[in-house]
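The next block holds one structure in the form of structure tokens; read it before the comments.
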Amino acid sequence: MIRLIGRGTVAADVGGSGDPPTEVLTEAAAAFGLLASSARLHIVWALSQGESDVSHLADRVGGALPAVSQHLAKLKLAGLVRSRREGRRVVYFVDDSDVVTVVRLMVGQLTARAQGASAPVRRLRGSGA
């Protein structure tokens with residue numbers, strides 16, 4: 001089980017058998033909901049490797065500038081990314097290292113699975129997709 005210690009800090013509760021509080025589950029579901037978009041997941045993946053402005057992100061993820069800006073706005077409102085001004089540029093960066101850990105773990109596992117099988121990544125059971 002995983003328990004939330006404070007914003008941005010997660011710890012494994014090895015022997016615990018209790019359920020996490022409803023507020024924690026609600027917050028986790030909201031974060032997973034935002035990351036359910038492959039475009040937003042790609043943006044978080046890119047930002048986990050270093051900060052960037054919106055035009056470089058759009059080039060990297062292959063999205064239109066307005067769409068990437070909208071995705072960044074949603075991620076920013078959720079507290080997953082932050083931004084700062086550098087002259088006329090706005091630079092974005094990941095604000096939650098635990099989210100980066102989860103994203104890297106999931107994407108890394110699916111990439112390893114796909115490379116090991118030399119086949120496309122299979123859909124997760126029960127995903128409905």
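For the structure tokens, the naming scheme is as follows: chains receive sequential letters (A, B, ...) according to their order of presentation, residues are indexed from 1 within each chain, and ligands are indexed from 1 in presentation order.
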
>> Please list as a ChimeraX atom specification every residue within 10 Å of region 25-40 of chain A, counting only C-alpha atoms and excluding residues in the same chain fewer than 4 positions away.
In response: /A:19-21,44-46,61-63,67-68,70-72,74-75,78-80,99,102-103

Write out the residues from the selection above, keeping N, CA and C atoms, as a PDB file, in the first residue's frame.
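Below is the file that was written, selection-v3.pdb:
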```
ATOM      1  N   ASP A  19      -7.266   0.954   4.176  1.00  0.00           N
ATOM      2  CA  ASP A  19      -7.432   1.681   2.932  1.00  0.00           C
ATOM      3  C   ASP A  19      -7.012   3.128   3.103  1.00  0.00           C
ATOM      4  N   PRO A  20      -6.526   3.758   2.023  1.00  0.00           N
ATOM      5  CA  PRO A  20      -6.177   5.175   2.124  1.00  0.00           C
ATOM      6  C   PRO A  20      -7.446   6.013   2.285  1.00  0.00           C
ATOM      7  N   PRO A  21      -7.302   7.213   2.824  1.00  0.00           N
ATOM      8  CA  PRO A  21      -8.464   8.087   2.985  1.00  0.00           C
ATOM      9  C   PRO A  21      -9.102   8.430   1.627  1.00  0.00           C
ATOM     10  N   VAL A  44       4.243  15.400 -19.822  1.00  0.00           N
ATOM     11  CA  VAL A  44       4.851  15.155 -18.511  1.00  0.00           C
ATOM     12  C   VAL A  44       6.139  14.349 -18.684  1.00  0.00           C
ATOM     13  N   TRP A  45       6.131  13.365 -19.583  1.00  0.00           N
ATOM     14  CA  TRP A  45       7.339  12.580 -19.862  1.00  0.00           C
ATOM     15  C   TRP A  45       8.459  13.504 -20.331  1.00  0.00           C
ATOM     16  N   ALA A  46       8.151  14.381 -21.280  1.00  0.00           N
ATOM     17  CA  ALA A  46       9.167  15.300 -21.807  1.00  0.00           C
ATOM     18  C   ALA A  46       9.678  16.231 -20.713  1.00  0.00           C
ATOM     19  N   VAL A  61       6.417  16.809 -28.861  1.00  0.00           N
ATOM     20  CA  VAL A  61       5.294  15.880 -28.747  1.00  0.00           C
ATOM     21  C   VAL A  61       4.454  15.824 -30.015  1.00  0.00           C
ATOM     22  N   GLY A  62       4.778  16.676 -30.972  1.00  0.00           N
ATOM     23  CA  GLY A  62       4.063  16.646 -32.243  1.00  0.00           C
ATOM     24  C   GLY A  62       2.660  17.202 -32.174  1.00  0.00           C
ATOM     25  N   GLY A  63       2.455  18.152 -31.285  1.00  0.00           N
ATOM     26  CA  GLY A  63       1.132  18.751 -31.140  1.00  0.00           C
ATOM     27  C   GLY A  63       1.100  20.185 -31.619  1.00  0.00           C
ATOM     28  N   ALA A  67      -3.011  23.530 -28.682  1.00  0.00           N
ATOM     29  CA  ALA A  67      -3.408  22.315 -27.955  1.00  0.00           C
ATOM     30  C   ALA A  67      -2.443  22.029 -26.817  1.00  0.00           C
ATOM     31  N   VAL A  68      -1.146  22.161 -27.082  1.00  0.00           N
ATOM     32  CA  VAL A  68      -0.140  21.928 -26.040  1.00  0.00           C
ATOM     33  C   VAL A  68      -0.301  22.962 -24.924  1.00  0.00           C
ATOM     34  N   GLN A  70      -3.077  24.353 -23.984  1.00  0.00           N
ATOM     35  CA  GLN A  70      -4.252  23.959 -23.192  1.00  0.00           C
ATOM     36  C   GLN A  70      -3.924  22.793 -22.262  1.00  0.00           C
ATOM     37  N   HIS A  71      -3.181  21.829 -22.764  1.00  0.00           N
ATOM     38  CA  HIS A  71      -2.776  20.699 -21.916  1.00  0.00           C
ATOM     39  C   HIS A  71      -1.919  21.188 -20.749  1.00  0.00           C
ATOM     40  N   LEU A  72      -0.991  22.092 -21.029  1.00  0.00           N
ATOM     41  CA  LEU A  72      -0.137  22.643 -19.967  1.00  0.00           C
ATOM     42  C   LEU A  72      -0.968  23.392 -18.935  1.00  0.00           C
ATOM     43  N   LYS A  74      -4.033  22.773 -18.033  1.00  0.00           N
ATOM     44  CA  LYS A  74      -4.710  21.779 -17.184  1.00  0.00           C
ATOM     45  C   LYS A  74      -3.729  21.151 -16.198  1.00  0.00           C
ATOM     46  N   LEU A  75      -2.555  20.798 -16.677  1.00  0.00           N
ATOM     47  CA  LEU A  75      -1.538  20.207 -15.800  1.00  0.00           C
ATOM     48  C   LEU A  75      -1.099  21.194 -14.724  1.00  0.00           C
ATOM     49  N   ALA A  78      -3.748  21.561 -12.008  1.00  0.00           N
ATOM     50  CA  ALA A  78      -3.739  20.380 -11.148  1.00  0.00           C
ATOM     51  C   ALA A  78      -2.512  20.327 -10.243  1.00  0.00           C
ATOM     52  N   GLY A  79      -1.554  21.217 -10.471  1.00  0.00           N
ATOM     53  CA  GLY A  79      -0.353  21.235  -9.643  1.00  0.00           C
ATOM     54  C   GLY A  79       0.700  20.237 -10.070  1.00  0.00           C
ATOM     55  N   LEU A  80       0.579  19.675 -11.279  1.00  0.00           N
ATOM     56  CA  LEU A  80       1.562  18.709 -11.751  1.00  0.00           C
ATOM     57  C   LEU A  80       2.749  19.380 -12.423  1.00  0.00           C
ATOM     58  N   VAL A  99       4.842  12.105  -9.262  1.00  0.00           N
ATOM     59  CA  VAL A  99       4.134  11.852 -10.517  1.00  0.00           C
ATOM     60  C   VAL A  99       5.133  11.424 -11.585  1.00  0.00           C
ATOM     61  N   VAL A 102       5.954   7.774 -11.063  1.00  0.00           N
ATOM     62  CA  VAL A 102       4.884   6.893 -11.532  1.00  0.00           C
ATOM     63  C   VAL A 102       4.884   6.827 -13.061  1.00  0.00           C
ATOM     64  N   VAL A 103       5.014   7.969 -13.720  1.00  0.00           N
ATOM     65  CA  VAL A 103       5.012   8.014 -15.186  1.00  0.00           C
ATOM     66  C   VAL A 103       6.201   7.234 -15.737  1.00  0.00           C
TER      67      VAL A 103
END
```

> Which of these residues is nearest to Ser97 (chain A), using only C-alpha atoms: A:Val81, A:Ala58, A:Ala112, A:Ala64?
Replying inline: A:Val81

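Atom to atom, CA of Val54 (chain A) and CA of Ala73 (chain A) stand 10.8 Å apart.
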
>> I'd like the contact shell of region 82-92 of chain A - 8 Å cut-off, only C-alpha atoms, skipping same-chain residues fewer than 6 positions apart - returned as a PyMOL selection string.
In response: chain A and resi 47+51-54+76

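Between CA of Asp98 (chain A) and CA of Arg60 (chain A) lies a distance of 22.9 Å.
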
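Reported to one decimal place, the separation of CA of Gln115 (chain A) from CA of Ser48 (chain A) is 21.9 Å.
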
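Secondary structure of region 15-45 of chain A, alpha helix (DSSP H) only (DSSP, backbone atoms): A:Thr22, A:Glu23, A:Val24, A:Leu25, A:Thr26, A:Glu27, A:Ala28, A:Ala29, A:Ala30, A:Ala31, A:Phe32, A:Gly33, A:Leu34, A:Leu35, A:Ser38, A:Ala39, A:Arg40, A:Leu41, A:His42, A:Ile43, A:Val44, A:Trp45.
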
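Counting only C-alpha atoms, the residue from A:Ile43, A:Leu77, A:Ala114, A:Met106 that sits nearest to Leu57 (chain A) is A:Ile43.
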